[in-house]
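Asker: If it helps, the file is called work14.json and holds JSON, C-alpha atoms:
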[["chain", "number", "residue", "atom", "x", "y", "z"],
["A", 1, "MET", "CA", 100.15, 94.45, 70.71],
["A", 2, "LYS", "CA", 96.64, 95.35, 69.65],
["A", 3, "ASP", "CA", 95.27, 94.32, 73.04],
["A", 4, "GLU", "CA", 97.78, 96.55, 74.81],
["A", 5, "ILE", "CA", 96.73, 99.54, 72.76],
["A", 6, "THR", "CA", 92.98, 98.99, 72.77],
["A", 7, "GLY", "CA", 92.48, 96.88, 75.84],
["A", 8, "ARG", "CA", 91.70, 97.30, 79.52],
["A", 9, "TYR", "CA", 94.93, 99.08, 80.44],
["A", 10, "SER", "CA", 95.38, 101.08, 77.25],
["A", 11, "ARG", "CA", 94.79, 104.50, 78.80],
["A", 12, "GLN", "CA", 97.52, 104.00, 81.35],
["A", 13, "ILE", "CA", 99.90, 102.14, 79.04],
["A", 14, "MET", "CA", 99.94, 105.24, 76.83],
["A", 15, "MET", "CA", 101.39, 107.19, 79.77],
["A", 16, "LYS", "CA", 105.14, 107.46, 79.65],
["A", 17, "GLU", "CA", 105.25, 106.77, 83.40],
["A", 18, "ILE", "CA", 103.62, 103.37, 82.87],
["A", 19, "GLY", "CA", 104.11, 102.03, 79.34],
["A", 20, "ILE", "CA", 104.13, 98.34, 78.58],
["A", 21, "ALA", "CA", 107.03, 97.71, 80.94],
["A", 22, "GLY", "CA", 105.21, 99.38, 83.83],
["A", 23, "GLN", "CA", 102.04, 97.47, 83.10],
["A", 24, "LYS", "CA", 103.94, 94.22, 83.20],
["A", 25, "ARG", "CA", 105.31, 95.21, 86.58],
["A", 26, "LEU", "CA", 101.80, 95.97, 87.81],
["A", 27, "CYS", "CA", 100.50, 92.66, 86.53],
["A", 28, "GLY", "CA", 103.29, 90.86, 88.35],
["A", 29, "ALA", "CA", 102.91, 92.78, 91.60],
["A", 30, "ARG", "CA", 101.51, 91.64, 94.93],
["A", 31, "VAL", "CA", 99.86, 94.18, 97.21],
["A", 32, "LEU", "CA", 98.39, 93.77, 100.68],
["A", 33, "VAL", "CA", 95.38, 95.95, 101.50],
["A", 34, "ALA", "CA", 94.77, 95.85, 105.25],
["A", 35, "GLY", "CA", 91.23, 96.95, 106.03],
["A", 36, "LEU", "CA", 88.23, 97.10, 103.70],
["A", 37, "GLY", "CA", 86.44, 100.13, 105.05],
["A", 38, "GLY", "CA", 86.31, 103.60, 103.54],
["A", 39, "LEU", "CA", 89.99, 103.62, 102.61],
["A", 40, "GLY", "CA", 90.40, 100.00, 101.57],
["A", 41, "SER", "CA", 87.27, 100.01, 99.41],
["A", 42, "ILE", "CA", 88.68, 102.75, 97.21],
["A", 43, "SER", "CA", 92.37, 101.83, 97.17],
["A", 44, "SER", "CA", 91.71, 98.16, 96.38],
["A", 45, "SER", "CA", 89.32, 99.15, 93.59],
["A", 46, "TYR", "CA", 91.89, 101.37, 91.91],
["A", 47, "LEU", "CA", 94.61, 98.76, 92.33],
["A", 48, "ALA", "CA", 92.47, 96.01, 90.85],
["A", 49, "ALA", "CA", 91.37, 98.26, 88.00],
["A", 50, "ALA", "CA", 94.99, 99.19, 87.29],
["A", 51, "GLY", "CA", 95.85, 95.53, 86.88],
["A", 52, "VAL", "CA", 97.81, 94.72, 90.02],
["A", 53, "GLY", "CA", 98.31, 90.99, 89.62],
["A", 54, "ARG", "CA", 97.53, 89.81, 93.10],
["A", 55, "ILE", "CA", 95.83, 91.66, 95.93],
["A", 56, "ARG", "CA", 95.55, 90.15, 99.38],
["A", 57, "ILE", "CA", 92.66, 91.79, 101.20],
["A", 58, "VAL", "CA", 92.45, 91.44, 104.96],
["A", 59, "ASP", "CA", 89.58, 92.36, 107.30],
["A", 60, "CYS", "CA", 87.81, 90.53, 110.10],
["A", 61, "ASP", "CA", 84.58, 92.55, 110.14],
["A", 62, "THR", "CA", 81.17, 92.09, 108.59],
["A", 63, "VAL", "CA", 79.28, 94.75, 106.68],
["A", 64, "ASP", "CA", 77.16, 97.05, 108.87],
["A", 65, "ILE", "CA", 74.61, 99.50, 107.57],
["A", 66, "SER", "CA", 76.60, 102.40, 109.06],
["A", 67, "ASN", "CA", 79.49, 101.46, 106.71],
["A", 68, "LEU", "CA", 77.58, 102.19, 103.55],
["A", 69, "ASN", "CA", 78.06, 105.99, 103.47],
["A", 70, "ARG", "CA", 81.71, 105.54, 102.52],
["A", 71, "GLN", "CA", 82.67, 101.89, 102.02],
["A", 72, "LEU", "CA", 81.77, 101.69, 98.38],
["A", 73, "LEU", "CA", 82.67, 98.05, 97.83],
["A", 74, "HIS", "CA", 79.86, 97.02, 100.16],
["A", 75, "TRP", "CA", 76.25, 97.47, 99.09],
["A", 76, "SER", "CA", 72.87, 97.17, 100.77],
["A", 77, "ARG", "CA", 72.58, 93.54, 99.72],
["A", 78, "ASP", "CA", 75.85, 92.75, 101.54],
["A", 79, "LEU", "CA", 74.71, 93.56, 105.08],
["A", 80, "LYS", "CA", 76.14, 91.07, 107.60],
["A", 81, "ARG", "CA", 78.42, 89.50, 104.98],
["A", 82, "ALA", "CA", 82.12, 89.23, 105.68],
["A", 83, "LYS", "CA", 83.74, 92.33, 104.22],
["A", 84, "VAL", "CA", 86.44, 90.29, 102.51],
["A", 85, "GLU", "CA", 83.77, 88.18, 100.79],
["A", 86, "SER", "CA", 81.80, 91.21, 99.68],
["A", 87, "ALA", "CA", 84.94, 92.98, 98.46],
["A", 88, "ALA", "CA", 86.41, 89.97, 96.67],
["A", 89, "GLU", "CA", 83.22, 89.54, 94.68],
["A", 90, "LYS", "CA", 83.18, 93.16, 93.47],
["A", 91, "LEU", "CA", 86.91, 93.36, 92.78],
["A", 92, "THR", "CA", 86.87, 90.13, 90.78],
["A", 93, "GLU", "CA", 83.97, 91.43, 88.75],
["A", 94, "LEU", "CA", 85.78, 94.71, 88.22],
["A", 95, "ASN", "CA", 88.87, 92.94, 86.91],
["A", 96, "PRO", "CA", 88.84, 89.16, 86.50],
["A", 97, "GLU", "CA", 92.54, 89.34, 85.55],
["A", 98, "CYS", "CA", 93.38, 90.38, 89.10],
["A", 99, "GLU", "CA", 93.74, 87.56, 91.61],
["A", 100, "ILE", "CA", 92.07, 88.44, 94.90],
["A", 101, "GLU", "CA", 93.11, 86.57, 98.02],
["A", 102, "ALA", "CA", 90.55, 87.21, 100.75],
["A", 103, "VAL", "CA", 91.65, 86.71, 104.35],
["A", 104, "SER", "CA", 89.10, 87.20, 107.13],
["A", 105, "ARG", "CA", 91.47, 87.77, 109.99],
["A", 106, "ARG", "CA", 92.29, 90.50, 112.49],
["A", 107, "MET", "CA", 95.43, 92.46, 111.68],
["A", 108, "ASP", "CA", 97.50, 92.56, 114.84],
["A", 109, "ALA", "CA", 101.01, 92.02, 116.13],
["A", 110, "GLU", "CA", 100.58, 88.24, 115.88],
["A", 111, "SER", "CA", 99.23, 88.08, 112.33],
["A", 112, "ALA", "CA", 100.92, 91.01, 110.59],
["A", 113, "MET", "CA", 104.23, 89.36, 109.70],
["A", 114, "GLU", "CA", 102.56, 86.34, 108.17],
["A", 115, "LEU", "CA", 100.01, 88.40, 106.27],
["A", 116, "CYS", "CA", 102.52, 90.92, 104.93],
["A", 117, "ARG", "CA", 105.21, 88.44, 103.87],
["A", 118, "GLY", "CA", 105.55, 88.20, 100.09],
["A", 119, "SER", "CA", 103.90, 91.55, 99.37],
["A", 120, "ASP", "CA", 105.58, 94.23, 97.30],
["A", 121, "VAL", "CA", 103.65, 97.06, 99.00],
["A", 122, "ILE", "CA", 101.48, 97.28, 102.13],
["A", 123, "VAL", "CA", 98.45, 99.58, 102.17],
["A", 124, "ASP", "CA", 97.30, 100.74, 105.61],
["A", 125, "ALA", "CA", 93.54, 101.08, 105.42],
["A", 126, "THR", "CA", 92.91, 100.05, 109.02],
["A", 127, "ASP", "CA", 91.03, 102.04, 111.61],
["A", 128, "ASN", "CA", 93.13, 101.65, 114.73],
["A", 129, "LEU", "CA", 96.67, 102.45, 115.82],
["A", 130, "ALA", "CA", 97.43, 98.93, 117.11],
["A", 131, "ALA", "CA", 96.86, 97.44, 113.66],
["A", 132, "ARG", "CA", 98.78, 100.26, 112.03],
["A", 133, "LYS", "CA", 101.74, 99.70, 114.35],
["A", 134, "ALA", "CA", 101.66, 95.95, 113.66],
["A", 135, "LEU", "CA", 101.78, 96.66, 109.92],
["A", 136, "ASN", "CA", 104.61, 99.14, 110.44],
["A", 137, "MET", "CA", 106.64, 96.59, 112.37],
["A", 138, "ALA", "CA", 106.17, 94.07, 109.55],
["A", 139, "SER", "CA", 107.05, 96.72, 106.97],
["A", 140, "VAL", "CA", 110.32, 97.56, 108.70],
["A", 141, "ARG", "CA", 111.31, 93.95, 109.38],
["A", 142, "LEU", "CA", 110.40, 92.67, 105.91],
["A", 143, "LYS", "CA", 111.58, 95.88, 104.18],
["A", 144, "ILE", "CA", 108.28, 96.39, 102.36],
["A", 145, "PRO", "CA", 107.03, 99.91, 101.42],
["A", 146, "PHE", "CA", 104.11, 100.93, 103.62],
["A", 147, "ILE", "CA", 101.48, 103.47, 102.58],
["A", 148, "HIS", "CA", 99.71, 105.02, 105.57],
["A", 149, "GLY", "CA", 96.34, 106.73, 105.37],
["A", 150, "ALA", "CA", 93.90, 107.88, 108.05],
["A", 151, "VAL", "CA", 90.71, 109.91, 108.04],
["A", 152, "GLY", "CA", 88.35, 111.62, 110.44],
["A", 153, "GLY", "CA", 85.45, 113.89, 109.57],
["A", 154, "LEU", "CA", 86.60, 116.23, 106.83],
["A", 155, "ASN", "CA", 90.28, 115.69, 107.62],
["A", 156, "GLY", "CA", 92.73, 113.10, 106.50],
["A", 157, "MET", "CA", 96.41, 112.34, 106.22],
["A", 158, "VAL", "CA", 98.59, 110.21, 104.01],
["A", 159, "THR", "CA", 102.27, 109.42, 103.76],
["A", 160, "SER", "CA", 104.57, 106.69, 102.50],
["A", 161, "PHE", "CA", 107.20, 104.86, 104.51],
["A", 162, "LEU", "CA", 110.04, 103.22, 102.59],
["A", 163, "PRO", "CA", 112.16, 101.05, 104.91],
["A", 164, "GLY", "CA", 115.77, 102.16, 104.80],
["A", 165, "ARG", "CA", 114.77, 105.56, 103.46],
["A", 166, "GLY", "CA", 113.34, 108.00, 105.99],
["A", 167, "PRO", "CA", 111.08, 107.55, 108.98],
["A", 168, "CYS", "CA", 108.59, 104.86, 109.89],
["A", 169, "LEU", "CA", 105.13, 105.15, 111.45],
["A", 170, "GLU", "CA", 106.60, 104.74, 114.94],
["A", 171, "CYS", "CA", 108.79, 107.82, 114.36],
["A", 172, "LEU", "CA", 105.56, 109.73, 113.69],
["A", 173, "PHE", "CA", 103.41, 108.25, 116.46],
["A", 174, "PRO", "CA", 105.68, 107.17, 119.29],
["A", 175, "ALA", "CA", 102.80, 107.25, 121.77],
["A", 176, "ASP", "CA", 99.92, 104.81, 121.82],
["A", 177, "VAL", "CA", 97.02, 107.12, 121.10],
["A", 178, "VAL", "CA", 93.66, 105.54, 121.74],
["A", 179, "GLY", "CA", 91.30, 106.60, 118.99],
["A", 180, "ALA", "CA", 87.58, 107.03, 119.51],
["A", 181, "LYS", "CA", 84.99, 106.22, 116.87],
["A", 182, "VAL", "CA", 84.81, 109.29, 114.65],
["A", 183, "GLY", "CA", 82.49, 110.56, 111.97],
["A", 184, "ILE", "CA", 83.78, 110.20, 108.42],
["A", 185, "LEU", "CA", 82.47, 111.69, 105.21],
["A", 186, "GLY", "CA", 82.81, 109.33, 102.26],
["A", 187, "PRO", "CA", 84.77, 111.67, 99.99],
["A", 188, "THR", "CA", 87.37, 112.26, 102.72],
["A", 189, "ALA", "CA", 88.20, 108.56, 102.68],
["A", 190, "GLY", "CA", 88.03, 108.56, 98.88],
["A", 191, "ILE", "CA", 90.57, 111.37, 98.52],
["A", 192, "ILE", "CA", 93.09, 109.84, 100.90],
["A", 193, "ALA", "CA", 92.65, 106.30, 99.55],
["A", 194, "SER", "CA", 93.10, 107.53, 95.99],
["A", 195, "ILE", "CA", 96.45, 109.04, 96.94],
["A", 196, "GLN", "CA", 97.42, 105.79, 98.62],
["A", 197, "ALA", "CA", 96.61, 103.86, 95.45],
["A", 198, "MET", "CA", 98.61, 106.31, 93.35],
["A", 199, "GLU", "CA", 101.59, 105.92, 95.66],
["A", 200, "VAL", "CA", 101.38, 102.12, 95.34],
["A", 201, "ILE", "CA", 101.24, 102.24, 91.56],
["A", 202, "LYS", "CA", 104.13, 104.71, 91.34],
["A", 203, "ILE", "CA", 106.28, 102.59, 93.63],
["A", 204, "ILE", "CA", 105.57, 99.43, 91.62],
["A", 205, "VAL", "CA", 106.35, 100.98, 88.25],
["A", 206, "GLY", "CA", 109.16, 103.19, 89.58],
["A", 207, "ALA", "CA", 107.56, 106.46, 88.49],
["A", 208, "GLY", "CA", 108.25, 109.85, 90.03],
["A", 209, "SER", "CA", 109.02, 110.32, 93.70],
["A", 210, "SER", "CA", 106.99, 109.20, 96.68],
["A", 211, "LEU", "CA", 105.69, 110.82, 99.85],
["A", 212, "VAL", "CA", 108.59, 109.48, 101.86],
["A", 213, "GLY", "CA", 109.46, 111.95, 104.64],
["A", 214, "ARG", "CA", 106.40, 114.07, 103.85],
["A", 215, "LEU", "CA", 102.94, 113.82, 105.33],
["A", 216, "LEU", "CA", 100.03, 115.39, 103.49],
["A", 217, "TYR", "CA", 97.31, 116.58, 105.86],
["A", 218, "LEU", "CA", 93.94, 117.45, 104.31],
["A", 219, "TYR", "CA", 91.69, 120.06, 105.88],
["A", 220, "GLY", "CA", 88.52, 119.34, 104.05],
["A", 221, "SER", "CA", 86.53, 122.10, 105.75],
["A", 222, "ASP", "CA", 88.42, 124.83, 103.89],
["A", 223, "MET", "CA", 89.89, 122.46, 101.29],
["A", 224, "ARG", "CA", 93.54, 123.03, 102.03],
["A", 225, "TRP", "CA", 96.52, 120.74, 102.21],
["A", 226, "LYS", "CA", 99.37, 121.05, 104.66],
["A", 227, "GLU", "CA", 102.64, 119.29, 103.93],
["A", 228, "ILE", "CA", 104.56, 118.27, 107.02],
["A", 229, "THR", "CA", 108.16, 117.16, 106.87],
["A", 230, "ILE", "CA", 108.69, 114.10, 109.00],
["A", 231, "ALA", "CA", 112.15, 112.98, 109.97],
["A", 232, "LYS", "CA", 113.50, 109.66, 111.09],
["A", 233, "ASN", "CA", 113.80, 109.37, 114.87],
["A", 234, "PRO", "CA", 117.32, 108.02, 115.50],
["A", 235, "SER", "CA", 116.11, 106.40, 118.72],
["A", 236, "CYS", "CA", 112.90, 105.00, 117.21],
["A", 237, "ALA", "CA", 111.95, 101.76, 118.95],
["A", 238, "VAL", "CA", 111.09, 100.13, 115.60],
["A", 239, "CYS", "CA", 113.40, 101.49, 112.89],
["A", 240, "GLY", "CA", 116.09, 103.18, 114.97],
["A", 241, "ARG", "CA", 118.61, 100.42, 114.36],
["A", 242, "ALA", "CA", 116.96, 98.77, 111.42],
["A", 243, "ASP", "CA", 118.93, 100.60, 108.74],
["B", 244, "MET", "CA", 111.88, 133.85, 122.43],
["B", 245, "PRO", "CA", 108.23, 132.85, 122.29],
["B", 246, "VAL", "CA", 106.92, 129.52, 121.07],
["B", 247, "GLN", "CA", 104.88, 129.68, 117.86],
["B", 248, "VAL", "CA", 101.88, 127.36, 118.12],
["B", 249, "PHE", "CA", 99.90, 126.32, 115.07],
["B", 250, "LEU", "CA", 96.53, 124.70, 115.64],
["B", 251, "ASN", "CA", 95.14, 122.58, 112.87],
["B", 252, "ALA", "CA", 91.66, 121.64, 111.70],
["B", 253, "THR", "CA", 89.12, 121.35, 114.52],
["B", 254, "LEU", "CA", 91.61, 122.41, 117.21],
["B", 255, "ARG", "CA", 91.35, 125.98, 115.93],
["B", 256, "LYS", "CA", 87.93, 126.27, 117.45],
["B", 257, "ARG", "CA", 89.49, 125.77, 120.88],
["B", 258, "VAL", "CA", 91.11, 129.21, 120.85],
["B", 259, "LYS", "CA", 88.94, 132.25, 120.21],
["B", 260, "SER", "CA", 90.00, 134.51, 117.34],
["B", 261, "TYR", "CA", 92.78, 132.11, 116.34],
["B", 262, "ASP", "CA", 94.82, 133.47, 113.44],
["B", 263, "ALA", "CA", 95.56, 130.57, 111.11],
["B", 264, "ALA", "CA", 98.24, 132.47, 109.25],
["B", 265, "GLY", "CA", 100.30, 133.60, 112.22],
["B", 266, "GLY", "CA", 99.38, 130.99, 114.79],
["B", 267, "LEU", "CA", 99.74, 131.79, 118.47],
["B", 268, "SER", "CA", 102.80, 133.36, 120.01],
["B", 269, "ILE", "CA", 103.26, 132.08, 123.56],
["B", 270, "SER", "CA", 105.96, 133.52, 125.82],
["B", 271, "LEU", "CA", 107.47, 131.05, 128.26],
["B", 272, "SER", "CA", 108.99, 132.15, 131.56],
["B", 273, "ARG", "CA", 110.34, 128.63, 132.07],
["B", 274, "PRO", "CA", 110.54, 125.43, 130.03],
["B", 275, "VAL", "CA", 107.23, 123.63, 129.67],
["B", 276, "THR", "CA", 106.18, 120.31, 128.19],
["B", 277, "VAL", "CA", 103.78, 120.11, 125.27],
["B", 278, "ALA", "CA", 101.23, 118.77, 127.76],
["B", 279, "GLY", "CA", 101.78, 121.89, 129.88],
["B", 280, "LEU", "CA", 101.37, 124.06, 126.80],
["B", 281, "CYS", "CA", 98.05, 122.35, 126.07],
["B", 282, "ASP", "CA", 96.94, 123.06, 129.63],
["B", 283, "MET", "CA", 97.86, 126.74, 129.19],
["B", 284, "LEU", "CA", 95.76, 126.86, 126.02],
["B", 285, "ARG", "CA", 92.95, 124.81, 127.61],
["B", 286, "ILE", "CA", 93.09, 122.26, 124.82],
["B", 287, "PRO", "CA", 92.13, 118.77, 126.01],
["B", 288, "LYS", "CA", 95.10, 116.50, 125.41],
["B", 289, "GLY", "CA", 92.78, 113.77, 124.20],
["B", 290, "GLU", "CA", 91.94, 115.94, 121.21],
["B", 291, "ILE", "CA", 95.52, 115.89, 119.96],
["B", 292, "LYS", "CA", 96.80, 113.09, 117.79],
["B", 293, "LEU", "CA", 99.89, 114.43, 116.13],
["B", 294, "ILE", "CA", 102.44, 116.84, 117.57],
["B", 295, "MET", "CA", 105.19, 118.38, 115.50],
["B", 296, "ILE", "CA", 108.03, 120.43, 116.97],
["B", 297, "ASP", "CA", 110.13, 122.20, 114.36],
["B", 298, "GLY", "CA", 108.86, 119.78, 111.74],
["B", 299, "ARG", "CA", 109.63, 116.64, 113.72],
["B", 300, "ALA", "CA", 107.11, 114.33, 115.33],
["B", 301, "ALA", "CA", 107.01, 114.72, 119.11],
["B", 302, "SER", "CA", 104.98, 113.67, 122.13],
["B", 303, "LEU", "CA", 103.17, 115.41, 124.97],
["B", 304, "GLU", "CA", 106.22, 114.87, 127.20],
["B", 305, "ASN", "CA", 108.61, 116.80, 124.97],
["B", 306, "GLU", "CA", 109.93, 119.97, 126.61],
["B", 307, "LEU", "CA", 109.73, 123.39, 125.01],
["B", 308, "LYS", "CA", 112.37, 125.97, 125.87],
["B", 309, "GLY", "CA", 111.29, 128.76, 123.57],
["B", 310, "ASN", "CA", 111.78, 129.63, 119.91],
["B", 311, "GLU", "CA", 110.20, 126.37, 118.72],
["B", 312, "ARG", "CA", 107.40, 126.00, 116.18],
["B", 313, "VAL", "CA", 104.77, 123.63, 117.50],
["B", 314, "GLY", "CA", 102.01, 122.12, 115.35],
["B", 315, "LEU", "CA", 99.07, 120.35, 116.98],
["B", 316, "PHE", "CA", 96.75, 118.11, 114.97],
["B", 317, "PRO", "CA", 93.50, 116.41, 115.98],
["B", 318, "PRO", "CA", 92.90, 112.68, 115.62],
["B", 319, "VAL", "CA", 92.34, 111.26, 112.17],
["B", 320, "GLY", "CA", 92.56, 107.60, 112.96],
["B", 321, "GLY", "CA", 89.64, 106.18, 111.06],
["B", 322, "GLY", "CA", 89.72, 104.08, 107.97]]
Can you dump the structure from the file as structure tokens?
Answerer:
Amino acid sequence: MKDEITGRYSRQIMMKEIGIAGQKRLCGARVLVAGLGGLGSISSSYLAAAGVGRIRIVDCDTVDISNLNRQLLHWSRDLKRAKVESAAEKLTELNPECEIEAVSRRMDAESAMELCRGSDVIVDATDNLAARKALNMASVRLKIPFIHGAVGGLNGMVTSFLPGRGPCLECLFPADVVGAKVGILGPTAGIIASIQAMEVIKIIVGAGSSLVGRLLYLYGSDMRWKEITIAKNPSCAVCGRAD
Amino acid sequence: MPVQVFLNATLRKRVKSYDAAGGLSISLSRPVTVAGLCDMLRIPKGEIKLIMIDGRAASLENELKGNERVGLFPPVGGG
């Protein structure tokens, strides 16, 4: 009991939303973080620090110098290293109690089901709509909560999709929008990724209510949030008949 | 009834003297798609990522008949 009060997780165990029961749930949880860029660096750090038992990190890229303004898990010494290798090292050092499974693989329609299977929550920290849609398909089919985040410049958005409750990503983005490479300020990714991590933790411990059916859109230029209600599309190609 | 159009983030710069509080009030003489609305406002369609009509996600092909609230958002697809 002493360790629980004075140890690594003590400041969150003292919260009524977490407690010892919630911490045990976190320690037994499995989370998939897809993408280890600006979003995934921050969300995976918070999840590891919070004591999520097993985190599967997936990314097929190597560290480029242009990543370092926002991708805080990768440092100057990591240039050209596989991002999953760089991230696994830091996350393990941050919390050796957290098991990190590093997978250097592209997230796409072929790999998503296999990579998502067995996870309690999926974190979307990817940078392209094709990967996001592959994760969404896996989320709906496997009935796994899916936390979506995206950033560009000073703007960002975040929402949670709970299969069987509300819309899915396809309801929100029915068209295949081709995204161009955009500028991103580090704190924009940090803000959105922090909310994603909080959503994951809340879902695992069963605290509060989630962002299901609501999308938070951040305008960083004048520091305002817009909350958009998003509804399930009854004729959605992915979740329309899934419930 | 006119369509109320709300531009978000960087899209606001596309329309001079845009009023963020009230949005734009656009009268339609005939139904028009969201793509047609963008043409009327001279907003490049490639700059739009998310379209909401009356709080529901929509696409450029959705038709507007009047009295709708349309929200247009720029891309935020990075990670």
Asker: When you draw a straight line from atom CA of A:Ile100 to atom CA of A:Pro163, how long is it in Å?
Answerer: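 A separation of 25.7 Å between them.
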Asker: Of the candidates B:Gly314, B:Gly309, B:Gly298, B:Gly279, which one gets nearest to B:Ala252 if we count only C-alpha atoms?
Answerer: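 Of the candidates, the smallest distance to B:Ala252 is held by B:Gly314.
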Asker: Find the distance between atom CA of A:Glu17 and atom CA of A:Ala207 and write it in Å to one decimal.
Answerer: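 According to the coordinates, atom CA of A:Glu17 and atom CA of A:Ala207 are separated by 5.6 Å.
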Asker: Which value, in Å to one decimal, gives the distance between atom CA of B:Ser272 and atom CA of B:Glu311?
Answerer: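 Taking atom CA of B:Ser272 and atom CA of B:Glu311, their separation equals 14.1 Å.
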Asker: Taking all atoms listed in the file into account, produce a table as CSV in which each residue of chain A with an atom at most 6 Å from an atom of chain B appears once, together with its shortest atom pair and the distance in Å to one decimal, ordered by chain and rising number.
Answerer:
residue,atom,partner,partner_atom,distance
A:Gly37,CA,B:Gly322,CA,5.9
A:Gly38,CA,B:Gly322,CA,5.6
A:Leu39,CA,B:Gly322,CA,5.4
A:Ala125,CA,B:Gly322,CA,5.5
A:Thr126,CA,B:Gly322,CA,5.2
A:Asp127,CA,B:Gly322,CA,4.4
A:Ala150,CA,B:Gly320,CA,5.1
A:Val151,CA,B:Val319,CA,4.6
A:Gly152,CA,B:Val319,CA,4.4
A:Gly156,CA,B:Val319,CA,6.0
A:Leu172,CA,B:Ala300,CA,5.1
A:Thr229,CA,B:Gly298,CA,5.6
A:Ile230,CA,B:Arg299,CA,5.4
A:Ala231,CA,B:Arg299,CA,5.8
Asker: Please identify all polymer residues within 9 Å of B:Val246, counting all atoms listed in the file, omitting same-chain residues fewer than 2 positions from it, and present them as a ChimeraX atom specification.
Answerer: /B:244,248,267-271,307-313
Asker: Excluding A:Ile228 and residues on its chain fewer than 4 positions from it, collect all residues at most 8 Å away from it, counting all atoms listed in the file, and give them as a ChimeraX atom specification.
Answerer: /A:214-217 /B:298
Asker: Would you put the residues from that selection into a file with C-alpha atoms, as a PDB file, keeping the file's coordinate frame?
Answerer:
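Once written, out_13.pdb looks like this:
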ATOM      1  CA  ARG A 214     106.400 114.070 103.850  1.00  0.00           C
ATOM      2  CA  LEU A 215     102.940 113.820 105.330  1.00  0.00           C
ATOM      3  CA  LEU A 216     100.030 115.390 103.490  1.00  0.00           C
ATOM      4  CA  TYR A 217      97.310 116.580 105.860  1.00  0.00           C
TER       5      TYR A 217
ATOM      6  CA  GLY B 298     108.860 119.780 111.740  1.00  0.00           C
TER       7      GLY B 298
END
Asker: Point out the residue among A:Ser194, A:Ser66, A:Asn136, A:Thr159 with the least atom-to-atom distance to A:Ser41, counting only C-alpha atoms.
Answerer: A:Ser194
Asker: Please identify all polymer residues within 7 Å of A:Ile147, counting only C-alpha atoms, omitting same-chain residues fewer than 3 positions from it, and present them as a VMD selection string.
Answerer: chain A and resid 122 to 124 159 to 161 196
Asker: List as a PDB file with C-alpha atoms, in the frame of the given file the protein and nucleic acid residues near A:Arg105, meaning an atom at most 8 Å away when all atoms listed in the file are counted, but skip any in the same chain fewer than 4 places from it.
Answerer:
ATOM      1  CA  VAL A  58      92.450  91.440 104.960  1.00  0.00           C
ATOM      2  CA  ASP A  59      89.580  92.360 107.300  1.00  0.00           C
ATOM      3  CA  CYS A  60      87.810  90.530 110.100  1.00  0.00           C
TER       4      CYS A  60
END
Asker: For B:Leu284, list every protein, DNA or RNA residue within 12 Å, evaluated using only C-alpha atoms, and leave out those in the same chain fewer than 5 positions away; present the list as a list in words.
Answerer: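 Final neighbour list, sorted by chain and number: Val248, Phe249, Leu250, Leu254, Arg255, Lys256, Arg257, Val258, Lys259, Tyr261, Leu267, Ser268, Ile269, Val277, Ala278, Gly279 and Leu315 of chain B.
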Asker: Check the smallest atom-to-atom distance from each of A:Ala29, A:Ile195, A:Val121, A:Leu185 to A:Leu211 using all atoms listed in the file, then report the winner.
Answerer: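 Checking each candidate against A:Leu211, we get A:Ile195 as the closest.
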Asker: So for stretch 15-32 of chain A, what box centre and size do we get, axis-aligned, 3 Å extra on each of the six sides, every listed atom, Å to one decimal, as lines of an AutoDock Vina configuration file?
Answerer:
center_x = 102.7
center_y = 99.2
center_z = 89.6
size_x = 14.6
size_y = 22.6
size_z = 28.1
Asker: Calculated over all atoms listed in the file, which of the candidates A:Pro174, A:Gly51, A:Pro187, A:Gly118 has the smallest distance to A:Gly153?
Answerer: A:Pro187
Asker: Which residue gives the smallest distance to A:Ala34 among A:Leu94, A:Leu115, A:Ala50, A:Ile65, with only C-alpha atoms counted?
Answerer: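 Smallest distance to A:Ala34 is found for A:Leu115.
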Asker: Please rebuild stretch 191-196 of chain A with N, CA, C and O atoms and return the result as a PDB file, keeping the file's coordinate frame.
Answerer:
ATOM      1  N   ILE A 191      89.405 110.551  98.906  1.00  0.00           N
ATOM      2  CA  ILE A 191      90.570 111.370  98.520  1.00  0.00           C
ATOM      3  C   ILE A 191      91.858 110.734  99.031  1.00  0.00           C
ATOM      4  O   ILE A 191      92.829 110.557  98.292  1.00  0.00           O
ATOM      5  N   ILE A 192      91.862 110.392 100.305  1.00  0.00           N
ATOM      6  CA  ILE A 192      93.090 109.840 100.900  1.00  0.00           C
ATOM      7  C   ILE A 192      93.415 108.477 100.288  1.00  0.00           C
ATOM      8  O   ILE A 192      94.574 108.190  99.950  1.00  0.00           O
ATOM      9  N   ALA A 193      92.407 107.640 100.119  1.00  0.00           N
ATOM     10  CA  ALA A 193      92.650 106.300  99.550  1.00  0.00           C
ATOM     11  C   ALA A 193      93.129 106.387  98.105  1.00  0.00           C
ATOM     12  O   ALA A 193      93.935 105.562  97.668  1.00  0.00           O
ATOM     13  N   SER A 194      92.650 107.375  97.377  1.00  0.00           N
ATOM     14  CA  SER A 194      93.100 107.530  95.990  1.00  0.00           C
ATOM     15  C   SER A 194      94.586 107.873  95.943  1.00  0.00           C
ATOM     16  O   SER A 194      95.331 107.388  95.080  1.00  0.00           O
ATOM     17  N   ILE A 195      95.017 108.712  96.878  1.00  0.00           N
ATOM     18  CA  ILE A 195      96.450 109.040  96.940  1.00  0.00           C
ATOM     19  C   ILE A 195      97.253 107.802  97.319  1.00  0.00           C
ATOM     20  O   ILE A 195      98.327 107.545  96.763  1.00  0.00           O
ATOM     21  N   GLN A 196      96.714 107.023  98.258  1.00  0.00           N
ATOM     22  CA  GLN A 196      97.420 105.790  98.620  1.00  0.00           C
ATOM     23  C   GLN A 196      97.583 104.875  97.401  1.00  0.00           C
ATOM     24  O   GLN A 196      98.665 104.329  97.177  1.00  0.00           O
TER      25      GLN A 196
END
